[in-house]
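Undergrad: Input: one structure, supplied below.
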Amino acid sequence: MAFYAGSLRMTSREPRTDAMSPIDAYRIPTPPFYLSRGSEVEVFEAAWEARLPVLLKGPTGCGKTRFVEYMAYRLGRPLVTVACHEDLFASDLIGRYLLRRDETVWVDGPLTLAVRHGALCYLDEVVEARKDTTVVIHPLTDNRRRMVIDKTGELLPAHPDFLMVVSYNPGYQSVLKDLKPSTRQRFVALEFDYPEPEREARIVAAEAGIPPEAAARLVALAAKIRNLREQGLAEGAGTRLLIHAGLLVRRGVAMREAVRTAVCLPLTDDEHLRETLEDLIADVL
Amino acid sequence: MSCEGLSPEAAAPAADPAAADTAWAFAVAPAFGEAVAAGYAALNGRAGREARLCFHRALRAAGREGAAPGRLIAEILPPVLLCGEAEVRPVFFRVWEALAAIGLQALQGLLSGLPRLLSAAAGRPGLAALGLEVLEAVAASRPTHEEIRRFTRTLPPAFLRIVGEGDAAALRALRELARLDRRLLEPFLAGREQGLDRLGEAALSSFVAEAARLLARQGRSAAAAFLALETEAARRHLGAFREGARLRELGPRLARYLRARLGRPLAVRPLAEFAAPLASGRMVVSDGRALYLPEEIAREGGRRQNEACYRLLAGLEASFHEFGTFAFPALRPQGAGIKGFLAGFPDPAFAGELFGLLETVRVARCLAQRYPGLAARLAAALAAEEEALPPRAEPSLTGLLRLLVGAGGEESGAAARAAGILRPLADGLAEDASVADTALQVERAYEALDRLLAGGEEARRLCTPFGWRPWPHPGHETEAGPGRRGRRGVAGGAPGLRRAPTAESRPGGAEGGAGPPGSAEAAARGHGVQAGAEEDVPALHAAAAAAAGGKDAFRYPEWDEALGDYLPDHVTVYERPSPAGPPGFYAAALARRAALVRAARRAFERLRPEGLRRLRGWREGEAFDYGRLLDYAVDRRRGGVPEERIFVKHLPDRRDVAVLLLVDASRSTAAVVPDAGASVLAVEQEALVILCEALGVLGDAFAVAAFSGSGRRHVDYRVVKGFDDPWAGEVRDRIGGLLPQRNTRLGAALRHAGRRLGEQPARVRLLVLLSDGFPNDAGYRAERAVADTRRALTELAFRGIRFHAVTVNHPAEARLDRLYGRARHHVISDVRALSGRLLRTYRGLTR
Ligand SMILES: Nc1ncnc2c1ncn2[C@@H]1O[C@H](COP(=O)(O)OP(=O)(O)OP(=O)(O)O)[C@@H](O)[C@H]1O
Ligand SMILES: [Mg+2]
């Protein structure tokens, strides 16, 4: 049922040398479970047809990654995901020389791999990346559609099926880490928010394998917690947290305890907010 | 002895025994005769034949023992027989027998007060019997005569008081203690004087249980001391139980809770601030902007229970808002909200009660659906009230409420019929019903219930726990009316019921209609009025505004903890360059602290970047280190084990740090630090000199500013050194020019400093605050100031700005941890430590 993409990515760490192309490891073999919430699937397909890069905006754990996995599967394209962080240099995206036997071999970085083979490349939390990455991102996301590999001197035109997708969480970014307009304006943007309650309950029930009523309770609680955004909570409780709570419940942890461990503690260290979360738990559960 | 204490001549005489008994008693002793006559007179017409017979037998039995016991029973038995409680009589006779076995003194001493006790217990079922059971236990334990003499003095008045207070729990405790050891009674009574009387039932019984444990383990004197509250343990125990909860402390938590429940702010205010008079016993009411609760709740149990009571009240009242009770539609032509609707009924008051009942039922069903935890607590509250109420056979609105909300209640006869009418209607108020459906069911139920409950006023009145009810709403008479409901644009068509003083009654408040959704704006206005009275120094503000030309004025929001929301644009910060002081100050400080400055420079030099652009020797990296690559190749050819660390990595070669030193220059910093012989500000100034010198060595971008202020309209932010100012000349002299003045509105100063730091393109941005205590300004004190400061710090954290506070000349205490967060502040008692501490902190935070 729940398809976990993480394991796939792990097996693909080691570049393959056999007959299989290294990109094959990034193909998604089984359909990911994704419950659409509006027209995002159609819009994404249209953007794909026009080869317009896509920017996904939204709070953490609301389904952005899952959506991209689902779209990659739907479009029959491999998906290369890169989690960006502040020590991510352009070279980490492009690739590097490694030693093999007595020679130095060039190994494509994830982005180059995607560009060469026509995959979707998903740069998660793109604002976290170092500024020099824009040098690579920009020519790939306007009508040049190409990348320059400076170390090898290669000028690589993007595969016709290549598409860049980036995600970005406006919630807790500092002003300085905002995307530059010149970057933003290269993308079409899809806004994600927490699914509406009924849909979210179905997601939680399906992903965690718990009865619909229990899932509905978790979702009802989350709706109240999300009202505390900007009350000192940086982020509301994402769907992911609810699924985690559900997974604990399914393994026999009592509901309250599960919510405390999977939702409250990860959300905040502030004792006042925790009190309020406890008050809500006492009411809803 | 009992009525059946049969002696031959006590066999029921055919005629009324009164005359014969009186004559016999007079013959024994005149006083006895008089008492018997009075006794029969009391019974006359009020007691049945059986009771008179009982009196007769008891008289005879006691009289045979002597005139004194005869007279006593003649005096005390009639009230026993008349008290109307069946269980009192057998206990009384058991007590009598037991005391009689001890002696006349015991009988007289402990029982002669019984009539008064019984009259005090009238209407309080169970108390009299309980009181007698205490005496029974005492008597059964065979007290000495000396003890009886003491008990005679102490017990009857104490019992009388307890019964008068209706404190059954105390009597139960006494009974329990008397059965354990009669010598614990007096300590308990003493403890009751000391505050045990304020314990609720459960708390008291747990207290007594603790005493029993002590008795078993450590003996009587330990238990006695505990009961008399003479021991520390006892007082702690009591403290844990008795403490009431205070709105002042719980308010912010409730406001946060309401925010989560409703998705918009609803302030929490004391009940006394509600504009309209409230029915007695009503503990909660709300209008469109606030929920009103008692200043203190000290009911059953301890603090936790009382806090739970607050949360229950807030949770219940919030439900009216969440489930749309106050979004009452205009149903009828006369239609102005609920009141208009009710006016259409022959008895609007009764219709209102009925509406209250059905709407409460509807809301309770919504709760059961969506807030099972809260619903369960409501059911428990209803059940608890049920216990306190005398059981009633007739149907009543109150009884119906319990039936329909599923908190038990009897069903028979007319009550069953009423329930039969109402239940299907209530079931029509299922999950997705609205208040309009409630109104519809009121119309359907009205006639039938009006007839069924025609009987008593009592039955036609709805009685709810804590007086929590949707209707009648006490604010209604002064309410603006639903036509204006949308004015503040509260989302979801929320309450039209709100307090009288509205925007238009205040000068300058007439812009209400333009307000954004949510009531932050309205609240801000409310605060403006309140704070303005207290803090305004208009001339000063005007001067400041003129001096600043307006363009260096910055507006910041402020967090209102009571409201649970920000007050937008609440505080104005004026940024100005700080005036330069006497030219020699900086050089003098430098000379005075030469050693420290040298040490600081050395410490900071070690922080200086190594200047290494490339880091060598990595197993992987961006490029080869060609020298090592060669070695590697050679090693391999030779068949050796080659060193694989042949890559280089690029790391930033310069420190990417910006720091802002923010100095509290409020009036309090004029205070002299005892062991430094200088003012707080002077100490801060010296520390600035040292730190700035060290920072100059490092080359980190840094700025220095001081702040003070008076009121929310005027926070002074004086720039000593901007990030772009060179550290030289006049800028240095500004440190000496700092003067202690005015107050500390810390949140706004932090926000402004955060703005300035936020403009710096550094990877590490650090704000260091030097202060001497807690924020304090007009309308900015205690909890509110702390909460706003904490909020401002959270905002900084969200923007990726690190923070550290150093407090000078203030005892370390937990409140400072609350203010800044434990890991984010230091308290310096010895000022010579200040510079050192700052350097260490700086190193830790910017490494
Ligand atoms: N619409 C949906 N259909 C199916 N599953 C969903 C949906 N939305 C969320 N989920 C579930 O929520 C989990 C978290 O979602 P996901 O990992 O996609 O979040 P995200 O938006 O990428 O968060 P982050 O910004 O933290 O990376 C997923 O693993 C998935 O189980
Ligand atoms: Mg993700």
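Residues in the structure tokens are numbered from 1 in each chain, the chains being A, B, ... in the order shown, and ligands are numbered from 1 in the order shown.
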Neighbours of ligand 2 at 12 Å or closer, counting only C-alpha atoms and all ligand atoms: which residues, as a PyMOL selection string?
TA: chain A and resi 5-6+56-69+81-84+122-126+165-169+192+238-240
Undergrad: Could you write those residues out with N, CA, C and O atoms, as a short mmCIF file (atom, residue, chain, number, x, y, z; two decimals), in the first residue's frame?
TA:
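As a result, again.cif now contains:
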```
data_model
loop_
_atom_site.label_atom_id
_atom_site.label_comp_id
_atom_site.auth_asym_id
_atom_site.auth_seq_id
_atom_site.Cartn_x
_atom_site.Cartn_y
_atom_site.Cartn_z
N ALA A 5 9.32 5.93 -1.03
CA ALA A 5 10.30 6.25 -2.04
C ALA A 5 11.71 6.27 -1.48
O ALA A 5 12.67 6.09 -2.20
N GLY A 6 11.81 6.49 -0.17
CA GLY A 6 13.13 6.63 0.43
C GLY A 6 14.04 5.44 0.15
O GLY A 6 15.21 5.59 -0.17
N LEU A 56 6.68 24.15 -6.11
CA LEU A 56 5.64 23.74 -5.18
C LEU A 56 5.84 24.49 -3.87
O LEU A 56 6.91 24.42 -3.26
N LYS A 57 4.81 25.17 -3.47
CA LYS A 57 4.88 25.96 -2.24
C LYS A 57 4.00 25.30 -1.20
O LYS A 57 2.90 24.87 -1.54
N GLY A 58 4.41 25.31 0.02
CA GLY A 58 3.49 24.80 1.03
C GLY A 58 4.19 24.35 2.28
O GLY A 58 5.40 24.12 2.30
N PRO A 59 3.44 24.23 3.36
CA PRO A 59 4.01 23.84 4.65
C PRO A 59 4.56 22.43 4.60
O PRO A 59 4.24 21.66 3.70
N THR A 60 5.33 22.10 5.62
CA THR A 60 5.97 20.79 5.63
C THR A 60 4.96 19.67 5.84
O THR A 60 3.96 19.84 6.51
N GLY A 61 5.23 18.55 5.21
CA GLY A 61 4.42 17.36 5.41
C GLY A 61 3.01 17.45 4.87
O GLY A 61 2.09 16.85 5.42
N CYS A 62 2.82 18.22 3.80
CA CYS A 62 1.46 18.32 3.30
C CYS A 62 1.32 17.59 1.97
O CYS A 62 0.29 17.65 1.32
N GLY A 63 2.35 16.91 1.52
CA GLY A 63 2.17 16.05 0.34
C GLY A 63 2.91 16.50 -0.91
O GLY A 63 2.65 15.97 -1.98
N LYS A 64 3.82 17.44 -0.81
CA LYS A 64 4.52 17.92 -2.00
C LYS A 64 5.37 16.80 -2.62
O LYS A 64 5.29 16.51 -3.80
N THR A 65 6.17 16.17 -1.76
CA THR A 65 7.04 15.12 -2.26
C THR A 65 6.21 13.98 -2.86
O THR A 65 6.50 13.48 -3.94
N ARG A 66 5.17 13.60 -2.13
CA ARG A 66 4.33 12.53 -2.61
C ARG A 66 3.72 12.87 -3.96
O ARG A 66 3.61 12.03 -4.85
N PHE A 67 3.35 14.11 -4.10
CA PHE A 67 2.74 14.57 -5.36
C PHE A 67 3.72 14.40 -6.52
O PHE A 67 3.37 13.89 -7.58
N VAL A 68 4.96 14.82 -6.30
CA VAL A 68 5.95 14.72 -7.37
C VAL A 68 6.19 13.26 -7.72
O VAL A 68 6.29 12.89 -8.89
N GLU A 69 6.24 12.42 -6.71
CA GLU A 69 6.42 10.99 -6.98
C GLU A 69 5.28 10.47 -7.83
O GLU A 69 5.47 9.72 -8.80
N THR A 81 15.55 13.01 -6.79
CA THR A 81 15.24 13.97 -5.73
C THR A 81 16.53 14.41 -5.03
O THR A 81 17.38 13.57 -4.72
N VAL A 82 16.66 15.70 -4.81
CA VAL A 82 17.80 16.20 -4.06
C VAL A 82 17.29 17.05 -2.91
O VAL A 82 16.55 18.00 -3.12
N ALA A 83 17.66 16.69 -1.72
CA ALA A 83 17.30 17.51 -0.57
C ALA A 83 18.36 18.59 -0.42
O ALA A 83 19.53 18.30 -0.22
N CYS A 84 17.98 19.82 -0.56
CA CYS A 84 18.97 20.90 -0.54
C CYS A 84 19.32 21.30 0.89
O CYS A 84 18.48 21.23 1.78
N TYR A 122 13.74 16.85 -8.71
CA TYR A 122 13.02 17.55 -7.65
C TYR A 122 14.02 18.08 -6.63
O TYR A 122 14.68 17.31 -5.92
N LEU A 123 14.17 19.38 -6.59
CA LEU A 123 15.05 20.01 -5.61
C LEU A 123 14.20 20.44 -4.42
O LEU A 123 13.49 21.43 -4.45
N ASP A 124 14.28 19.64 -3.36
CA ASP A 124 13.46 19.88 -2.18
C ASP A 124 14.07 21.02 -1.36
O ASP A 124 15.27 21.04 -1.13
N GLU A 125 13.24 21.95 -0.92
CA GLU A 125 13.71 23.10 -0.12
C GLU A 125 14.83 23.83 -0.82
O GLU A 125 15.93 24.00 -0.29
N VAL A 126 14.55 24.29 -2.01
CA VAL A 126 15.60 24.81 -2.86
C VAL A 126 16.28 26.05 -2.27
O VAL A 126 17.45 26.30 -2.50
N VAL A 165 11.59 20.50 -10.93
CA VAL A 165 10.55 20.82 -9.95
C VAL A 165 11.27 21.21 -8.67
O VAL A 165 12.19 20.51 -8.25
N VAL A 166 10.87 22.32 -8.09
CA VAL A 166 11.50 22.70 -6.82
C VAL A 166 10.40 22.91 -5.78
O VAL A 166 9.27 23.22 -6.11
N SER A 167 10.76 22.72 -4.52
CA SER A 167 9.79 23.02 -3.47
C SER A 167 10.36 24.09 -2.56
O SER A 167 11.57 24.31 -2.50
N TYR A 168 9.46 24.67 -1.84
CA TYR A 168 9.83 25.87 -1.12
C TYR A 168 8.75 26.09 -0.07
O TYR A 168 7.56 25.99 -0.36
N ASN A 169 9.17 26.28 1.14
CA ASN A 169 8.22 26.47 2.24
C ASN A 169 8.32 27.90 2.73
O ASN A 169 9.26 28.25 3.43
N PHE A 192 0.39 24.38 -2.17
CA PHE A 192 -0.12 23.24 -1.40
C PHE A 192 -0.48 23.70 0.00
O PHE A 192 0.22 24.49 0.59
N GLY A 238 1.64 18.88 10.28
CA GLY A 238 1.49 18.38 8.92
C GLY A 238 0.84 17.01 8.88
O GLY A 238 0.78 16.31 9.90
N THR A 239 0.37 16.65 7.69
CA THR A 239 -0.23 15.33 7.52
C THR A 239 0.75 14.24 7.94
O THR A 239 0.36 13.23 8.52
N ARG A 240 2.01 14.48 7.67
CA ARG A 240 3.02 13.47 8.01
C ARG A 240 2.97 13.11 9.49
O ARG A 240 3.01 11.95 9.86
#
```
Undergrad: Write out as a ChimeraX atom specification which residues come within 9 Å of A:Ala158 when counting only C-alpha atoms, dropping same-chain ones fewer than 3 positions away.
TA: /A:112,114-118,140,144-147,161-163
Undergrad: Which residues come within 7 Å of stretch 256-263 of chain B, counting only C-alpha atoms, excluding same-chain residues fewer than 4 positions away, as a PyMOL selection string?
TA: (chain A and resi 224-225+227-228+276) or (chain B and resi 252+318+322+564)
Undergrad: Give me the residues within 9 Å of B:Ala47 as a list in words, counting only C-alpha atoms and dropping any in the same chain fewer than 3 places off.
TA: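 So, after excluding close chain neighbours, the residues are Ala42, Leu43, Asn44, Glu50, Ala51, Arg52, Pro78, Leu81 and Leu82 of chain B.
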Undergrad: Would you save the residues of that selection, restricted to N, CA and C atoms, as a PDB file, in the first residue's frame?
TA:
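Saved file result_24.pdb follows:
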```pdb
ATOM      1  N   ALA B  42     -45.094  19.048  72.175  1.00  0.00           N
ATOM      2  CA  ALA B  42     -44.376  19.233  70.917  1.00  0.00           C
ATOM      3  C   ALA B  42     -44.844  18.221  69.875  1.00  0.00           C
ATOM      4  N   LEU B  43     -45.086  16.990  70.368  1.00  0.00           N
ATOM      5  CA  LEU B  43     -45.483  15.941  69.430  1.00  0.00           C
ATOM      6  C   LEU B  43     -46.916  16.124  68.950  1.00  0.00           C
ATOM      7  N   ASN B  44     -47.675  16.783  69.787  1.00  0.00           N
ATOM      8  CA  ASN B  44     -49.110  16.894  69.532  1.00  0.00           C
ATOM      9  C   ASN B  44     -49.401  17.384  68.112  1.00  0.00           C
ATOM     10  N   GLU B  50     -47.594   6.091  66.274  1.00  0.00           N
ATOM     11  CA  GLU B  50     -46.418   5.241  66.461  1.00  0.00           C
ATOM     12  C   GLU B  50     -45.297   6.020  67.145  1.00  0.00           C
ATOM     13  N   ALA B  51     -45.124   7.285  66.748  1.00  0.00           N
ATOM     14  CA  ALA B  51     -44.065   8.102  67.338  1.00  0.00           C
ATOM     15  C   ALA B  51     -44.369   8.411  68.800  1.00  0.00           C
ATOM     16  N   ARG B  52     -45.622   8.710  69.072  1.00  0.00           N
ATOM     17  CA  ARG B  52     -46.000   8.982  70.463  1.00  0.00           C
ATOM     18  C   ARG B  52     -45.750   7.768  71.337  1.00  0.00           C
ATOM     19  N   PRO B  78     -38.347  14.242  71.335  1.00  0.00           N
ATOM     20  CA  PRO B  78     -39.344  14.763  70.376  1.00  0.00           C
ATOM     21  C   PRO B  78     -38.746  15.318  69.081  1.00  0.00           C
ATOM     22  N   LEU B  81     -37.907  12.481  66.881  1.00  0.00           N
ATOM     23  CA  LEU B  81     -39.062  11.840  66.263  1.00  0.00           C
ATOM     24  C   LEU B  81     -39.666  12.707  65.163  1.00  0.00           C
ATOM     25  N   LEU B  82     -39.496  13.997  65.302  1.00  0.00           N
ATOM     26  CA  LEU B  82     -40.131  14.920  64.353  1.00  0.00           C
ATOM     27  C   LEU B  82     -39.226  15.268  63.163  1.00  0.00           C
TER      28      LEU B  82
END
```
Undergrad: Rank A:Ala208, A:Cys121, A:Leu99, A:Val136 by their smallest atom-to-atom distance to chain B, using only C-alpha atoms, and report the top residue only.
TA: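 Closest to chain B, using only C-alpha atoms: A:Leu99.
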Undergrad: Find the residues around stretch 445-452 of chain B up to 12 Å (only C-alpha atoms counted), leave out those fewer than 3 positions away in its own chain, and share them as a compact mmCIF listing (two decimals) with N, CA, C and O atoms, in the first residue's frame.
TA:
```txt
# COMPACT_ATOMS: atom_id res chain seq x y z
N LEU B 342 -38.29 34.75 20.23
CA LEU B 342 -38.98 34.34 21.45
C LEU B 342 -40.21 35.20 21.71
O LEU B 342 -41.19 34.74 22.29
N GLY B 344 -42.40 35.95 19.91
CA GLY B 344 -43.58 35.42 19.24
C GLY B 344 -44.36 34.41 20.06
O GLY B 344 -45.42 33.97 19.63
N PHE B 345 -43.82 34.00 21.20
CA PHE B 345 -44.51 32.99 22.00
C PHE B 345 -45.33 33.66 23.11
O PHE B 345 -44.98 34.75 23.57
N PRO B 346 -46.43 32.96 23.54
CA PRO B 346 -47.27 33.53 24.61
C PRO B 346 -46.44 33.81 25.87
O PRO B 346 -46.62 34.83 26.51
N ASP B 347 -45.56 32.87 26.23
CA ASP B 347 -44.72 33.10 27.40
C ASP B 347 -43.26 33.12 26.94
O ASP B 347 -42.59 32.09 26.92
N PRO B 348 -42.79 34.29 26.55
CA PRO B 348 -41.45 34.37 25.98
C PRO B 348 -40.37 33.86 26.93
O PRO B 348 -39.39 33.25 26.50
N ALA B 349 -40.60 34.08 28.24
CA ALA B 349 -39.58 33.64 29.19
C ALA B 349 -39.47 32.12 29.15
O ALA B 349 -38.35 31.57 29.11
N PHE B 350 -40.60 31.45 29.15
CA PHE B 350 -40.58 29.99 29.12
C PHE B 350 -39.99 29.50 27.79
O PHE B 350 -39.20 28.57 27.76
N ALA B 351 -40.40 30.16 26.71
CA ALA B 351 -39.84 29.78 25.41
C ALA B 351 -38.32 29.94 25.43
O ALA B 351 -37.59 29.13 24.86
N GLY B 352 -37.87 30.97 26.11
CA GLY B 352 -36.42 31.19 26.22
C GLY B 352 -35.74 30.06 26.97
O GLY B 352 -34.67 29.60 26.58
N GLU B 353 -36.38 29.61 28.06
CA GLU B 353 -35.81 28.50 28.82
C GLU B 353 -35.78 27.24 27.96
O GLU B 353 -34.81 26.48 27.97
N LEU B 354 -36.86 27.05 27.22
CA LEU B 354 -36.95 25.88 26.36
C LEU B 354 -35.87 25.93 25.27
O LEU B 354 -35.23 24.94 24.95
N PHE B 355 -35.70 27.14 24.74
CA PHE B 355 -34.65 27.32 23.73
C PHE B 355 -33.29 27.00 24.36
O PHE B 355 -32.46 26.32 23.77
N LEU B 357 -32.66 25.05 26.77
CA LEU B 357 -32.55 23.60 26.95
C LEU B 357 -32.18 22.92 25.63
O LEU B 357 -31.20 22.17 25.55
N LEU B 358 -32.96 23.19 24.60
CA LEU B 358 -32.73 22.47 23.34
C LEU B 358 -31.41 22.86 22.68
O LEU B 358 -30.74 22.02 22.10
N GLU B 394 -41.65 15.11 39.56
CA GLU B 394 -42.32 15.85 38.49
C GLU B 394 -41.31 16.17 37.38
O GLU B 394 -40.13 16.29 37.62
N PRO B 395 -41.84 16.33 36.20
CA PRO B 395 -40.94 16.69 35.11
C PRO B 395 -40.48 18.13 35.28
O PRO B 395 -41.20 18.97 35.81
N SER B 396 -39.27 18.40 34.85
CA SER B 396 -38.78 19.77 34.89
C SER B 396 -37.80 19.94 33.73
O SER B 396 -37.24 18.97 33.24
N LEU B 397 -37.58 21.18 33.33
CA LEU B 397 -36.62 21.42 32.24
C LEU B 397 -35.24 20.92 32.64
O LEU B 397 -34.52 20.33 31.86
N LEU B 400 -35.07 17.31 32.32
CA LEU B 400 -35.06 16.93 30.91
C LEU B 400 -33.66 17.11 30.31
O LEU B 400 -33.22 16.30 29.50
N GLY B 413 -43.88 8.52 34.96
CA GLY B 413 -45.07 9.38 34.96
C GLY B 413 -44.95 10.53 33.98
O GLY B 413 -44.59 10.37 32.82
N ALA B 414 -45.26 11.70 34.52
CA ALA B 414 -45.28 12.90 33.68
C ALA B 414 -43.89 13.20 33.12
O ALA B 414 -43.76 13.67 32.00
N ALA B 415 -42.91 12.89 33.93
CA ALA B 415 -41.54 13.14 33.47
C ALA B 415 -41.27 12.33 32.22
O ALA B 415 -40.65 12.80 31.26
N ALA B 416 -41.74 11.08 32.23
CA ALA B 416 -41.54 10.22 31.08
C ALA B 416 -42.27 10.79 29.87
O ALA B 416 -41.78 10.73 28.73
N ARG B 417 -43.44 11.33 30.12
CA ARG B 417 -44.21 11.87 29.01
C ARG B 417 -43.47 13.07 28.39
O ARG B 417 -43.35 13.20 27.17
N ALA B 418 -42.99 13.94 29.25
CA ALA B 418 -42.26 15.11 28.75
C ALA B 418 -41.04 14.66 27.96
O ALA B 418 -40.75 15.16 26.87
N ALA B 419 -40.35 13.68 28.50
CA ALA B 419 -39.17 13.17 27.81
C ALA B 419 -39.56 12.59 26.46
O ALA B 419 -38.85 12.75 25.46
N GLY B 420 -40.72 11.91 26.45
CA GLY B 420 -41.19 11.32 25.21
C GLY B 420 -41.43 12.36 24.13
O GLY B 420 -41.17 12.12 22.95
N ILE B 421 -41.90 13.51 24.54
CA ILE B 421 -42.13 14.58 23.56
C ILE B 421 -40.81 15.14 23.06
O ILE B 421 -40.61 15.37 21.88
N LEU B 422 -39.92 15.33 24.01
CA LEU B 422 -38.72 16.08 23.68
C LEU B 422 -37.65 15.24 22.98
O LEU B 422 -36.89 15.75 22.16
N ARG B 423 -37.63 13.96 23.31
CA ARG B 423 -36.52 13.17 22.79
C ARG B 423 -36.44 13.16 21.26
O ARG B 423 -35.37 13.40 20.70
N PRO B 424 -37.59 12.85 20.58
CA PRO B 424 -37.48 12.86 19.11
C PRO B 424 -37.07 14.23 18.57
O PRO B 424 -36.34 14.32 17.58
N LEU B 425 -37.54 15.27 19.23
CA LEU B 425 -37.16 16.61 18.77
C LEU B 425 -35.66 16.83 18.96
O LEU B 425 -34.98 17.37 18.11
N ALA B 426 -35.19 16.37 20.11
CA ALA B 426 -33.76 16.52 20.37
C ALA B 426 -32.96 15.70 19.37
O ALA B 426 -31.90 16.11 18.90
N THR B 438 -32.79 24.34 16.10
CA THR B 438 -33.21 24.41 17.50
C THR B 438 -34.48 25.25 17.61
O THR B 438 -35.43 24.86 18.28
N ALA B 439 -34.47 26.39 16.93
CA ALA B 439 -35.64 27.27 16.99
C ALA B 439 -36.88 26.54 16.49
O ALA B 439 -37.97 26.63 17.08
N LEU B 440 -36.70 25.77 15.44
CA LEU B 440 -37.81 25.02 14.88
C LEU B 440 -38.36 24.03 15.92
O LEU B 440 -39.58 23.92 16.12
N GLN B 441 -37.46 23.34 16.61
CA GLN B 441 -37.91 22.36 17.61
C GLN B 441 -38.56 23.06 18.79
O GLN B 441 -39.46 22.51 19.41
N VAL B 442 -38.11 24.27 19.10
CA VAL B 442 -38.77 25.02 20.18
C VAL B 442 -40.21 25.26 19.79
O VAL B 442 -41.14 25.07 20.59
N GLY B 455 -47.37 23.18 36.03
CA GLY B 455 -47.33 23.11 37.48
C GLY B 455 -46.52 24.19 38.18
O GLY B 455 -47.06 25.16 38.72
N GLY B 456 -45.20 24.08 38.15
CA GLY B 456 -44.45 24.97 39.03
C GLY B 456 -43.46 25.85 38.30
O GLY B 456 -42.94 25.49 37.26
N GLU B 457 -43.22 26.97 38.92
CA GLU B 457 -42.19 27.89 38.40
C GLU B 457 -40.86 27.15 38.29
O GLU B 457 -40.13 27.29 37.32
N ALA B 459 -40.21 24.07 37.83
CA ALA B 459 -40.12 23.12 36.73
C ALA B 459 -39.90 23.82 35.40
O ALA B 459 -39.32 23.26 34.46
N ARG B 460 -40.35 25.05 35.33
CA ARG B 460 -40.24 25.79 34.07
C ARG B 460 -38.92 26.52 33.94
O ARG B 460 -38.72 27.25 32.99
N ARG B 461 -38.08 26.35 34.93
CA ARG B 461 -36.78 27.02 34.85
C ARG B 461 -35.67 26.02 34.61
O ARG B 461 -35.62 24.97 35.25
```
Undergrad: If you measure from atom CA of A:Pro211 to atom 31 (O, counted along the ligand's line) of ligand 1, what distance in Å do you get, rounded to one decimal?
TA: 15.7 Å
